[in-house]
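K.L.:
Supplied structure: model_9.txt, compact mmCIF, C-alpha atoms.
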# COMPACT_ATOMS: atom_id res chain seq x y z
CA MET R 1095 -31.17 7.55 -7.07
CA ASN R 1096 -33.91 10.21 -6.86
CA PHE R 1097 -35.88 9.15 -3.78
CA CYS R 1098 -35.08 7.64 -0.38
CA SER R 1099 -35.92 3.93 -0.58
CA HIS R 1100 -36.65 3.91 3.16
CA CYS R 1101 -39.13 6.82 3.57
CA GLY R 1102 -39.87 7.92 -0.03
CA SER R 1103 -38.58 11.48 0.47
CA ALA R 1104 -37.13 13.35 -2.50
CA SER R 1105 -34.77 15.25 -0.17
CA LEU R 1106 -31.60 13.29 -0.86
CA VAL R 1107 -28.35 15.13 -0.37
CA SER R 1108 -24.81 14.05 -1.12
CA ARG R 1109 -22.67 14.64 1.97
CA ILE R 1110 -20.03 13.02 4.15
CA PRO R 1111 -21.81 11.48 7.17
CA ASP R 1112 -20.34 12.00 10.64
CA GLY R 1113 -17.41 9.65 11.17
CA ASP R 1114 -17.22 8.79 7.48
CA THR R 1115 -14.69 9.90 4.88
CA LEU R 1116 -16.62 9.80 1.60
CA PRO R 1117 -19.80 11.51 0.37
CA ARG R 1118 -22.94 9.33 0.43
CA TYR R 1119 -26.55 9.90 -0.54
CA VAL R 1120 -28.20 10.80 2.77
CA CYS R 1121 -31.94 11.34 3.28
CA ALA R 1122 -32.49 14.80 4.78
CA ASP R 1123 -35.86 13.65 6.19
CA CYS R 1124 -35.22 10.25 7.81
CA GLY R 1125 -31.40 10.27 7.92
CA THR R 1126 -30.92 6.96 6.10
CA ILE R 1127 -27.47 6.68 4.52
CA HIS R 1128 -27.56 4.98 1.13
CA TYR R 1129 -24.22 3.27 0.63
CA GLN R 1130 -23.16 2.20 -2.84
CA ASN R 1131 -20.48 -0.44 -3.22
CA PRO R 1132 -18.77 -2.43 -5.96
CA LYS R 1133 -20.42 -5.53 -7.39
CA VAL R 1134 -18.77 -8.87 -7.97
CA VAL R 1135 -18.78 -10.40 -11.46
CA VAL R 1136 -18.01 -14.11 -11.40
CA GLY R 1137 -17.47 -16.59 -14.17
CA CYS R 1138 -15.15 -19.16 -15.65
CA LEU R 1139 -12.88 -20.11 -18.50
CA PRO R 1140 -14.22 -23.51 -19.60
CA VAL R 1141 -11.72 -25.78 -21.35
CA TRP R 1142 -12.07 -28.99 -23.37
CA LYS R 1143 -8.71 -30.53 -24.29
CA ASP R 1144 -6.84 -27.63 -25.96
CA LYS R 1145 -9.96 -25.62 -26.71
CA VAL R 1146 -11.65 -22.79 -24.84
CA LEU R 1147 -15.39 -22.16 -24.76
CA LEU R 1148 -16.63 -18.68 -25.66
CA CYS R 1149 -20.15 -17.24 -25.89
CA ARG R 1150 -21.29 -14.61 -28.40
CA ARG R 1151 -23.41 -12.05 -26.57
CA ALA R 1152 -27.12 -11.76 -27.38
CA ILE R 1153 -27.53 -8.73 -25.10
CA GLU R 1154 -26.10 -5.26 -24.63
CA PRO R 1155 -23.51 -4.13 -23.82
CA ARG R 1156 -21.24 -5.55 -26.55
CA LEU R 1157 -24.01 -7.43 -28.34
CA GLY R 1158 -22.52 -9.77 -30.95
CA LEU R 1159 -19.03 -9.86 -29.38
CA TRP R 1160 -17.43 -12.88 -27.75
CA THR R 1161 -17.05 -13.40 -24.01
CA LEU R 1162 -16.44 -15.96 -21.31
CA PRO R 1163 -19.52 -16.97 -19.29
CA ALA R 1164 -19.76 -14.54 -16.35
CA GLY R 1165 -22.24 -12.35 -14.54
CA PHE R 1166 -23.15 -10.73 -11.25
CA LEU R 1167 -22.74 -12.79 -8.10
CA GLU R 1168 -26.13 -13.20 -6.39
CA ASN R 1169 -26.94 -12.76 -2.72
CA HIS R 1170 -26.50 -15.96 -0.66
CA GLU R 1171 -24.24 -17.55 -3.28
CA THR R 1172 -20.61 -18.65 -3.09
CA LEU R 1173 -18.14 -17.45 -5.73
CA GLU R 1174 -17.84 -21.02 -6.99
CA ALA R 1175 -21.61 -21.54 -7.23
CA GLY R 1176 -21.99 -18.23 -9.06
CA ALA R 1177 -19.33 -19.14 -11.62
CA MET R 1178 -20.99 -22.50 -12.32
CA ARG R 1179 -24.48 -20.95 -12.49
CA GLU R 1180 -23.41 -18.33 -15.02
CA THR R 1181 -21.78 -21.01 -17.15
CA LEU R 1182 -24.97 -23.06 -17.08
CA GLU R 1183 -27.15 -20.02 -17.88
CA GLU R 1184 -25.08 -18.58 -20.71
CA ALA R 1185 -23.62 -21.71 -22.29
CA ASP R 1186 -25.85 -24.51 -20.96
CA ALA R 1187 -22.57 -26.10 -19.91
CA ARG R 1188 -21.64 -28.07 -16.83
CA VAL R 1189 -18.08 -27.62 -15.56
CA THR R 1190 -15.70 -28.71 -12.84
CA LEU R 1191 -13.81 -25.76 -11.38
CA ASP R 1192 -10.00 -26.00 -11.47
CA GLY R 1193 -9.09 -23.04 -9.28
CA LEU R 1194 -9.38 -19.29 -8.99
CA TYR R 1195 -7.49 -17.68 -11.87
CA THR R 1196 -8.03 -13.95 -12.40
CA LEU R 1197 -9.12 -11.28 -9.96
CA ILE R 1198 -9.45 -7.85 -11.57
CA SER R 1199 -10.56 -4.62 -9.87
CA ILE R 1200 -12.40 -2.66 -12.56
CA ILE R 1201 -12.21 0.85 -11.20
CA HIS R 1202 -14.35 2.90 -13.59
CA VAL R 1203 -17.41 0.65 -13.25
CA SER R 1204 -16.79 -0.40 -9.60
CA GLN R 1205 -16.71 -4.13 -10.22
CA VAL R 1206 -14.54 -6.95 -8.97
CA PHE R 1207 -14.12 -9.55 -11.70
CA VAL R 1208 -13.48 -13.10 -10.40
CA MET R 1209 -12.64 -15.83 -12.90
CA PHE R 1210 -12.04 -19.55 -12.38
CA ARG R 1211 -10.36 -22.03 -14.69
CA ALA R 1212 -12.80 -24.86 -15.41
CA SER R 1213 -13.09 -28.14 -17.30
CA LEU R 1214 -16.17 -28.93 -19.38
CA ARG R 1215 -17.74 -32.16 -18.17
CA ASP R 1216 -19.10 -33.01 -21.62
CA LEU R 1217 -19.76 -31.45 -25.04
CA ASP R 1218 -23.47 -30.99 -24.41
CA PHE R 1219 -23.51 -27.18 -24.46
CA GLY R 1220 -25.32 -24.48 -26.42
CA PRO R 1221 -26.50 -20.88 -26.27
CA GLY R 1222 -28.56 -19.78 -23.27
CA SER R 1223 -30.96 -16.85 -23.58
CA GLU R 1224 -28.13 -14.30 -23.25
CA SER R 1225 -25.97 -15.90 -25.95
CA LEU R 1226 -26.31 -16.02 -29.75
CA GLU R 1227 -23.76 -18.76 -30.19
CA VAL R 1228 -21.43 -20.89 -28.06
CA ARG R 1229 -18.41 -22.69 -29.46
CA LEU R 1230 -14.95 -24.04 -28.72
CA PHE R 1231 -11.86 -22.21 -29.99
CA ASP R 1232 -8.28 -23.32 -30.47
CA GLU R 1233 -5.69 -20.75 -29.40
CA ASP R 1234 -5.10 -19.63 -33.00
CA GLU R 1235 -8.83 -19.19 -33.60
CA ILE R 1236 -9.57 -16.80 -30.71
CA PRO R 1237 -11.39 -13.74 -32.15
CA TRP R 1238 -9.11 -11.24 -30.38
CA GLU R 1239 -10.60 -8.28 -32.22
CA LYS R 1240 -14.14 -9.32 -31.39
CA LEU R 1241 -13.87 -9.90 -27.64
CA ALA R 1242 -16.47 -8.08 -25.57
CA PHE R 1243 -14.43 -6.83 -22.60
CA ARG R 1244 -10.84 -6.12 -21.59
CA THR R 1245 -11.27 -8.49 -18.62
CA ILE R 1246 -11.90 -11.27 -21.13
CA SER R 1247 -8.95 -10.52 -23.40
CA ARG R 1248 -6.67 -10.17 -20.37
CA THR R 1249 -7.86 -13.47 -18.89
CA LEU R 1250 -7.41 -15.29 -22.21
CA ARG R 1251 -3.98 -13.79 -22.87
CA ASN R 1252 -2.81 -14.86 -19.42
CA TYR R 1253 -4.33 -18.28 -19.91
CA PHE R 1254 -2.42 -19.10 -23.09
CA LEU R 1255 0.85 -17.70 -21.68
CA ASP R 1256 0.46 -19.70 -18.48
CA ARG R 1257 -0.54 -22.84 -20.38
CA HIS R 1258 2.71 -22.67 -22.31
CA ASP R 1259 4.54 -22.27 -18.99
CA GLY R 1260 2.55 -25.08 -17.38
CA ALA R 1261 1.76 -23.08 -14.22
CA TRP R 1262 -1.31 -21.24 -13.00
CA PRO R 1263 -0.42 -18.36 -10.71
CA LEU R 1264 -3.30 -16.21 -9.52
CA ARG R 1265 -3.49 -13.24 -11.89
CA MET R 1266 -4.45 -10.13 -9.91
CA SER R 1267 -4.68 -6.78 -11.61
CA ALA R 1268 -6.72 -3.63 -12.09
CA ILE R 1269 -8.33 -1.84 -15.01
CA GLU R 1270 -8.44 1.86 -14.28
CA HIS R 1271 -10.02 3.53 -17.29
CA SER R 1272 -12.61 2.68 -19.85
CA ARG R 1273 -11.46 2.54 -23.46
CA LEU R 1274 -13.55 2.65 -26.58
CA ARG R 1275 -13.01 -0.44 -28.67
CA SER R 1276 -14.06 0.84 -32.05
CA PRO R 1277 -11.01 1.60 -34.23
CA LYS R 1278 -12.71 4.81 -35.38
CA ALA R 1279 -13.02 6.15 -31.87
CA PRO R 1280 -10.27 7.87 -29.85
CA ALA R 1281 -7.94 5.32 -28.31
CA GLN R 1282 -8.57 6.56 -24.78
CA ARG R 1283 -11.39 8.39 -23.07
CA MET K 572 -36.63 -1.11 0.82
CA ASN K 573 -40.06 0.52 1.05
CA PHE K 574 -40.05 2.96 -1.88
CA CYS K 575 -38.73 2.99 -5.43
CA SER K 576 -35.52 5.04 -5.41
CA HIS K 577 -36.13 5.99 -9.05
CA CYS K 578 -39.73 7.31 -8.99
CA GLY K 579 -40.68 7.37 -5.28
CA SER K 580 -43.59 4.97 -5.65
CA ALA K 581 -44.55 2.74 -2.72
CA SER K 582 -45.75 0.04 -5.12
CA LEU K 583 -42.78 -2.29 -4.91
CA VAL K 584 -43.45 -5.94 -5.59
CA SER K 585 -41.14 -8.92 -5.28
CA ARG K 586 -41.29 -10.92 -8.52
CA ILE K 587 -39.08 -12.65 -11.07
CA PRO K 588 -38.55 -10.24 -14.00
CA ASP K 589 -38.90 -11.55 -17.56
CA GLY K 590 -35.75 -13.41 -18.56
CA ASP K 591 -34.50 -13.55 -14.98
CA THR K 592 -34.40 -16.49 -12.57
CA LEU K 593 -34.64 -14.89 -9.13
CA PRO K 594 -37.21 -12.60 -7.46
CA ARG K 595 -36.25 -8.91 -7.35
CA TYR K 596 -37.90 -5.79 -5.97
CA VAL K 597 -39.65 -4.34 -9.02
CA CYS K 598 -41.49 -0.99 -9.11
CA ALA K 599 -45.05 -1.58 -10.30
CA ASP K 600 -45.27 2.06 -11.43
CA CYS K 601 -42.03 2.75 -13.36
CA GLY K 602 -40.76 -0.81 -13.87
CA THR K 603 -37.33 -0.22 -12.33
CA ILE K 604 -35.75 -3.47 -11.14
CA HIS K 605 -33.83 -3.04 -7.88
CA TYR K 606 -31.04 -5.61 -7.85
CA GLN K 607 -29.32 -6.46 -4.58
CA ASN K 608 -25.90 -8.09 -4.67
CA PRO K 609 -23.17 -9.17 -2.27
CA LYS K 610 -20.70 -6.66 -0.90
CA VAL K 611 -16.94 -7.07 -0.73
CA VAL K 612 -15.16 -6.79 2.62
CA VAL K 613 -11.45 -6.20 2.21
CA GLY K 614 -8.64 -6.04 4.71
CA CYS K 615 -5.31 -7.42 5.74
CA LEU K 616 -3.34 -9.40 8.26
CA PRO K 617 -0.50 -7.04 9.26
CA VAL K 618 2.63 -8.71 10.56
CA TRP K 619 5.73 -7.40 12.38
CA LYS K 620 8.42 -10.08 12.82
CA ASP K 621 6.51 -12.96 14.48
CA LYS K 622 3.65 -10.79 15.71
CA VAL K 623 0.23 -10.08 14.24
CA LEU K 624 -1.63 -6.79 14.58
CA LEU K 625 -5.21 -6.92 15.87
CA CYS K 626 -7.75 -4.15 16.57
CA ARG K 627 -10.34 -4.16 19.37
CA ARG K 628 -13.63 -2.97 17.94
CA ALA K 629 -15.09 0.34 19.15
CA ILE K 630 -18.30 -0.17 17.17
CA GLU K 631 -21.09 -2.68 16.80
CA PRO K 632 -21.34 -5.45 15.82
CA ARG K 633 -18.96 -7.25 18.18
CA LEU K 634 -17.97 -4.14 20.10
CA GLY K 635 -15.00 -4.91 22.36
CA LEU K 636 -13.89 -8.01 20.46
CA TRP K 637 -10.68 -8.34 18.42
CA THR K 638 -10.46 -8.25 14.66
CA LEU K 639 -8.13 -7.71 11.74
CA PRO K 640 -8.47 -4.35 9.98
CA ALA K 641 -11.11 -4.77 7.26
CA GLY K 642 -14.21 -3.09 5.89
CA PHE K 643 -16.38 -2.57 2.83
CA LEU K 644 -14.64 -1.98 -0.48
CA GLU K 645 -15.60 1.43 -1.86
CA ASN K 646 -16.66 2.32 -5.39
CA HIS K 647 -13.74 3.15 -7.71
CA GLU K 648 -11.22 1.41 -5.45
CA THR K 649 -8.96 -1.58 -6.10
CA LEU K 650 -8.95 -4.50 -3.65
CA GLU K 651 -5.37 -3.62 -2.71
CA ALA K 652 -6.16 0.06 -2.10
CA GLY K 653 -9.20 -0.87 -0.01
CA ALA K 654 -7.17 -3.21 2.19
CA MET K 655 -4.53 -0.56 2.82
CA ARG K 656 -7.15 2.16 3.44
CA GLU K 657 -8.97 0.06 6.04
CA THR K 658 -5.68 -0.68 7.79
CA LEU K 659 -4.87 3.02 7.89
CA GLU K 660 -8.36 3.94 9.14
CA GLU K 661 -8.72 1.29 11.82
CA ALA K 662 -5.13 0.91 13.02
CA ASP K 663 -3.41 4.08 11.73
CA ALA K 664 -0.91 1.64 10.22
CA ARG K 665 0.95 1.67 6.92
CA VAL K 666 1.58 -1.71 5.34
CA THR K 667 3.12 -3.35 2.31
CA LEU K 668 0.87 -6.04 0.89
CA ASP K 669 2.40 -9.52 0.56
CA GLY K 670 -0.29 -11.25 -1.49
CA LEU K 671 -3.91 -12.28 -1.47
CA TYR K 672 -4.47 -14.80 1.29
CA THR K 673 -8.08 -15.66 2.16
CA LEU K 674 -11.20 -15.37 0.03
CA ILE K 675 -14.34 -16.38 1.91
CA SER K 676 -17.92 -16.36 0.59
CA ILE K 677 -20.10 -15.51 3.59
CA ILE K 678 -23.46 -16.83 2.47
CA HIS K 679 -25.85 -15.72 5.21
CA VAL K 680 -24.83 -12.05 5.02
CA SER K 681 -24.01 -12.00 1.26
CA GLN K 682 -20.45 -10.82 1.63
CA VAL K 683 -17.20 -11.78 -0.06
CA PHE K 684 -14.32 -11.46 2.41
CA VAL K 685 -10.93 -10.70 0.80
CA MET K 686 -7.85 -10.72 2.99
CA PHE K 687 -4.22 -9.93 2.16
CA ARG K 688 -1.09 -10.81 4.09
CA ALA K 689 0.80 -7.61 4.85
CA SER K 690 3.97 -6.32 6.51
CA LEU K 691 3.87 -3.32 8.82
CA ARG K 692 6.24 -0.63 7.56
CA ASP K 693 6.91 0.69 11.07
CA LEU K 694 5.58 0.52 14.62
CA ASP K 695 3.83 3.86 14.43
CA PHE K 696 0.25 2.57 14.77
CA GLY K 697 -2.68 3.16 17.09
CA PRO K 698 -6.46 3.03 17.33
CA GLY K 699 -8.51 4.79 14.65
CA SER K 700 -12.03 5.98 15.44
CA GLU K 701 -13.48 2.47 14.99
CA SER K 702 -10.97 0.81 17.33
CA LEU K 703 -10.57 0.90 21.11
CA GLU K 704 -7.09 -0.56 21.10
CA VAL K 705 -4.53 -1.83 18.59
CA ARG K 706 -1.68 -4.14 19.52
CA LEU K 707 0.68 -6.85 18.33
CA PHE K 708 0.15 -10.45 19.41
CA ASP K 709 2.47 -13.44 19.42
CA GLU K 710 0.84 -16.68 18.27
CA ASP K 711 0.38 -17.89 21.86
CA GLU K 712 -1.23 -14.58 22.90
CA ILE K 713 -4.02 -14.52 20.27
CA PRO K 714 -7.35 -14.00 22.10
CA TRP K 715 -9.10 -16.88 20.29
CA GLU K 716 -12.18 -16.65 22.50
CA LYS K 717 -12.50 -12.92 21.96
CA LEU K 718 -12.26 -12.69 18.17
CA ALA K 719 -15.08 -10.77 16.51
CA PHE K 720 -15.84 -12.90 13.46
CA ARG K 721 -15.40 -16.43 12.12
CA THR K 722 -13.63 -14.99 9.06
CA ILE K 723 -10.99 -13.59 11.41
CA SER K 724 -10.44 -16.78 13.40
CA ARG K 725 -10.31 -18.82 10.19
CA THR K 726 -7.78 -16.44 8.61
CA LEU K 727 -5.58 -16.46 11.72
CA ARG K 728 -5.76 -20.24 12.15
CA ASN K 729 -4.71 -20.71 8.52
CA TYR K 730 -1.98 -18.13 8.91
CA PHE K 731 -0.24 -19.85 11.79
CA LEU K 732 -0.58 -23.29 10.17
CA ASP K 733 0.83 -22.01 6.88
CA ARG K 734 3.61 -20.12 8.64
CA HIS K 735 4.76 -23.34 10.23
CA ASP K 736 4.69 -24.96 6.77
CA GLY K 737 6.48 -22.01 5.17
CA ALA K 738 3.99 -21.75 2.28
CA TRP K 739 1.09 -19.43 1.52
CA PRO K 740 -1.54 -21.11 -0.63
CA LEU K 741 -4.66 -19.06 -1.36
CA ARG K 742 -7.24 -20.09 1.22
CA MET K 743 -10.68 -20.11 -0.41
CA SER K 744 -13.71 -21.23 1.55
CA ALA K 745 -17.30 -20.47 2.46
CA ILE K 746 -19.21 -19.80 5.65
CA GLU K 747 -22.77 -20.95 5.22
CA HIS K 748 -24.54 -20.25 8.50
CA SER K 749 -24.33 -17.73 11.23
CA ARG K 750 -23.42 -19.03 14.65
CA LEU K 751 -23.77 -17.40 18.03
CA ARG K 752 -20.43 -17.01 19.69
CA SER K 753 -21.47 -16.77 23.31
CA PRO K 754 -20.78 -20.04 25.17
CA LYS K 755 -24.20 -19.74 26.82
CA ALA K 756 -26.02 -19.65 23.48
CA PRO K 757 -26.94 -22.66 21.34
CA ALA K 758 -23.96 -23.82 19.31
CA GLN K 759 -25.78 -23.41 16.03
CA ARG K 760 -28.68 -21.33 14.78
Write out the structure in this file as structure tokens.
P.N.:
Amino acid sequence: MNFCSHCGSASLVSRIPDGDTLPRYVCADCGTIHYQNPKVVVGCLPVWKDKVLLCRRAIEPRLGLWTLPAGFLENHETLEAGAMRETLEEADARVTLDGLYTLISIIHVSQVFVMFRASLRDLDFGPGSESLEVRLFDEDEIPWEKLAFRTISRTLRNYFLDRHDGAWPLRMSAIEHSRLRSPKAPAQR
Amino acid sequence: MNFCSHCGSASLVSRIPDGDTLPRYVCADCGTIHYQNPKVVVGCLPVWKDKVLLCRRAIEPRLGLWTLPAGFLENHETLEAGAMRETLEEADARVTLDGLYTLISIIHVSQVFVMFRASLRDLDFGPGSESLEVRLFDEDEIPWEKLAFRTISRTLRNYFLDRHDGAWPLRMSAIEHSRLRSPKAPAQR
């Protein structure tokens, strides 16, 4: 943020507004306070019999790695509608939602990750413009080393554990630090 | 939004970017796409024995009406930390969280409302700067006609129903339209 989106001034300062507790970008000319808040990422874990649908990413970040269909919640959209829209966009798949499943606060990127369990309505799916490939995986076929995000591996690990237990508790958690995934990179940064 | 926050240009246009499906504010000079997404409101329902803690709002909107402590989730904050921070700020109260309880997509204002059940740790509470008054209410004392928001009345109604049942299912729902609350106003708008 270089300019005030309200008046166009370049005189933005970072300060704690009166009555507030955190620094915000404040316009020194018109006084507008520019709040920045976390975004919601919403998606689902689509299932057909014992198999799980994954998408191989056609876009950065994590191009070429596997993910569950998910993306940013849009304005004027319910969580459920967002999850179904992302699944349609990325996997051209129609699903029935089976309940909220994971809710992960991702601290370092200020996102709230909201994932539903879902059932594929049919096998008529395929890659949308953001996917290279879409396919179903048995548990022992999951490409654990080629998953795009920790939210995805966590959601899938919980899913297979809970499926063995036959119960679906809400899985709430947090991810507090980023971590490089390449084996050549330091384990933590 | 009148000016591009990246380059300061006043040439913002609303159009659907290539590969996108919804109109966004796009800078005709530098090409920056300005996405706008829902915000997360997080808070809790603090309980002491059979009583529920409510705050009377000292700020607009709904100044003077009763609410549960809640507010916008901040960047780099978990949902749980945000709920406890808002409770401390608005009611000067320390709580232990007892689980996620309501999750409401509020369509017309593009907010996701996330509410936890919580137990007050002690009776040492009082109004923060955004509250006129903070007090505990028995079920039959709840000021139903003077609650600030539909999210609050819905959360409290569910709470007392579920308390009678002795179970706490996650209550997910949506609010699709705004509604004036004054009895003299039209019932729906």
K.L.:
Could you write out as a ChimeraX atom specification the residues of chain K within 8 Å of chain R, counting all atoms listed in the file?
P.N.:
/K:572-581,590,607-611,643-650,676-681,700,745
K.L.:
Just how far from CA of Phe696 (chain K) is CA of Trp715 (chain K), in Å to one decimal?
P.N.:
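Between CA of Trp715 (chain K) and CA of Phe696 (chain K) the gap works out to 22.3 Å.
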K.L.:
Do a neighbour search on region 1230-1233 of chain R at 12 Å with all atoms listed in the file, toss out local chain neighbours closer than 5 positions, and write the hits as a ChimeraX atom specification.
P.N.:
/R:1139-1150,1160-1162,1185,1187,1214,1217-1220,1238,1250-1255,1257-1258
K.L.:
Save the residues we just selected, C-alpha atoms, as a PDB file, in the frame of the given file?
P.N.:
ATOM      1  CA  LEU R1139     -12.880 -20.110 -18.500  1.00  0.00           C
ATOM      2  CA  PRO R1140     -14.220 -23.510 -19.600  1.00  0.00           C
ATOM      3  CA  VAL R1141     -11.720 -25.780 -21.350  1.00  0.00           C
ATOM      4  CA  TRP R1142     -12.070 -28.990 -23.370  1.00  0.00           C
ATOM      5  CA  LYS R1143      -8.710 -30.530 -24.290  1.00  0.00           C
ATOM      6  CA  ASP R1144      -6.840 -27.630 -25.960  1.00  0.00           C
ATOM      7  CA  LYS R1145      -9.960 -25.620 -26.710  1.00  0.00           C
ATOM      8  CA  VAL R1146     -11.650 -22.790 -24.840  1.00  0.00           C
ATOM      9  CA  LEU R1147     -15.390 -22.160 -24.760  1.00  0.00           C
ATOM     10  CA  LEU R1148     -16.630 -18.680 -25.660  1.00  0.00           C
ATOM     11  CA  CYS R1149     -20.150 -17.240 -25.890  1.00  0.00           C
ATOM     12  CA  ARG R1150     -21.290 -14.610 -28.400  1.00  0.00           C
ATOM     13  CA  TRP R1160     -17.430 -12.880 -27.750  1.00  0.00           C
ATOM     14  CA  THR R1161     -17.050 -13.400 -24.010  1.00  0.00           C
ATOM     15  CA  LEU R1162     -16.440 -15.960 -21.310  1.00  0.00           C
ATOM     16  CA  ALA R1185     -23.620 -21.710 -22.290  1.00  0.00           C
ATOM     17  CA  ALA R1187     -22.570 -26.100 -19.910  1.00  0.00           C
ATOM     18  CA  LEU R1214     -16.170 -28.930 -19.380  1.00  0.00           C
ATOM     19  CA  LEU R1217     -19.760 -31.450 -25.040  1.00  0.00           C
ATOM     20  CA  ASP R1218     -23.470 -30.990 -24.410  1.00  0.00           C
ATOM     21  CA  PHE R1219     -23.510 -27.180 -24.460  1.00  0.00           C
ATOM     22  CA  GLY R1220     -25.320 -24.480 -26.420  1.00  0.00           C
ATOM     23  CA  TRP R1238      -9.110 -11.240 -30.380  1.00  0.00           C
ATOM     24  CA  LEU R1250      -7.410 -15.290 -22.210  1.00  0.00           C
ATOM     25  CA  ARG R1251      -3.980 -13.790 -22.870  1.00  0.00           C
ATOM     26  CA  ASN R1252      -2.810 -14.860 -19.420  1.00  0.00           C
ATOM     27  CA  TYR R1253      -4.330 -18.280 -19.910  1.00  0.00           C
ATOM     28  CA  PHE R1254      -2.420 -19.100 -23.090  1.00  0.00           C
ATOM     29  CA  LEU R1255       0.850 -17.700 -21.680  1.00  0.00           C
ATOM     30  CA  ARG R1257      -0.540 -22.840 -20.380  1.00  0.00           C
ATOM     31  CA  HIS R1258       2.710 -22.670 -22.310  1.00  0.00           C
TER      32      HIS R1258
END
K.L.:
Do you know which residues are at most 8 Å from Phe1210 (chain R) counting only C-alpha atoms, after dropping those on the same chain fewer than 4 positions away, and could you put them as JSON, numbers by chain?
P.N.:
{"R": [1137, 1138, 1139, 1177, 1191, 1192, 1193, 1194, 1195, 1196]}
K.L.:
Ranking K:Ile587, K:Ala738, K:Ala689, K:Val705 by minimum distance to Arg628 (chain K) and counting only C-alpha atoms, which one comes first?
P.N.:
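Once distances to Arg628 (chain K) are computed over only C-alpha atoms, the minimum belongs to K:Val705.
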K.L.:
Interatomic distance between CA of Leu583 (chain K) and CA of Val1107 (chain R)?
P.N.:
23.1 Å
K.L.:
Could you state the separation of CA of Met1178 (chain R) and CA of Thr603 (chain K) in Å, given to one decimal place?
P.N.:
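If I compute the distance from CA of Met1178 (chain R) to CA of Thr603 (chain K), I get 27.6 Å.
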K.L.:
Given all atoms listed in the file as the basis, pick out the residue of K:Leu636, K:Val613, K:Ser582, K:Arg656 nearest to Ser724 (chain K).
P.N.:
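Selected residue with least distance to Ser724 (chain K): K:Leu636.
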K.L.:
Could region 1179-1183 of chain R be completed with all heavy atoms and returned as a compact mmCIF listing (two decimals), in the frame of the given file?
P.N.:
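What ended up in rebuild.txt:
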# COMPACT_ATOMS: atom_id res chain seq x y z
N ARG R 1179 -23.14 -21.36 -12.06
CA ARG R 1179 -24.48 -20.95 -12.49
C ARG R 1179 -24.42 -20.12 -13.76
O ARG R 1179 -25.20 -20.36 -14.71
CB ARG R 1179 -25.16 -20.15 -11.36
CG ARG R 1179 -26.54 -19.57 -11.77
CD ARG R 1179 -27.13 -18.68 -10.69
NE ARG R 1179 -26.23 -17.65 -10.22
CZ ARG R 1179 -25.91 -16.57 -10.92
NH1 ARG R 1179 -26.41 -16.34 -12.11
NH2 ARG R 1179 -25.06 -15.68 -10.41
N GLU R 1180 -23.51 -19.16 -13.82
CA GLU R 1180 -23.41 -18.33 -15.02
C GLU R 1180 -23.04 -19.16 -16.25
O GLU R 1180 -23.51 -18.90 -17.35
CB GLU R 1180 -22.38 -17.21 -14.80
CG GLU R 1180 -22.85 -16.11 -13.86
CD GLU R 1180 -23.97 -15.25 -14.44
OE1 GLU R 1180 -24.15 -15.25 -15.67
OE2 GLU R 1180 -24.69 -14.58 -13.66
N THR R 1181 -22.20 -20.16 -16.04
CA THR R 1181 -21.78 -21.01 -17.15
C THR R 1181 -22.95 -21.86 -17.64
O THR R 1181 -23.12 -22.09 -18.84
CB THR R 1181 -20.60 -21.90 -16.70
OG1 THR R 1181 -19.59 -21.05 -16.15
CG2 THR R 1181 -20.03 -22.69 -17.87
N LEU R 1182 -23.76 -22.30 -16.71
CA LEU R 1182 -24.97 -23.06 -17.08
C LEU R 1182 -25.97 -22.14 -17.79
O LEU R 1182 -26.55 -22.51 -18.82
CB LEU R 1182 -25.60 -23.64 -15.81
CG LEU R 1182 -26.75 -24.62 -15.99
CD1 LEU R 1182 -26.29 -25.87 -16.75
CD2 LEU R 1182 -27.35 -25.01 -14.64
N GLU R 1183 -26.16 -20.93 -17.29
CA GLU R 1183 -27.15 -20.02 -17.88
C GLU R 1183 -26.75 -19.56 -19.27
O GLU R 1183 -27.58 -19.48 -20.18
CB GLU R 1183 -27.35 -18.79 -16.98
CG GLU R 1183 -28.13 -19.08 -15.70
CD GLU R 1183 -28.29 -17.86 -14.80
OE1 GLU R 1183 -27.89 -16.74 -15.21
OE2 GLU R 1183 -28.80 -18.03 -13.68
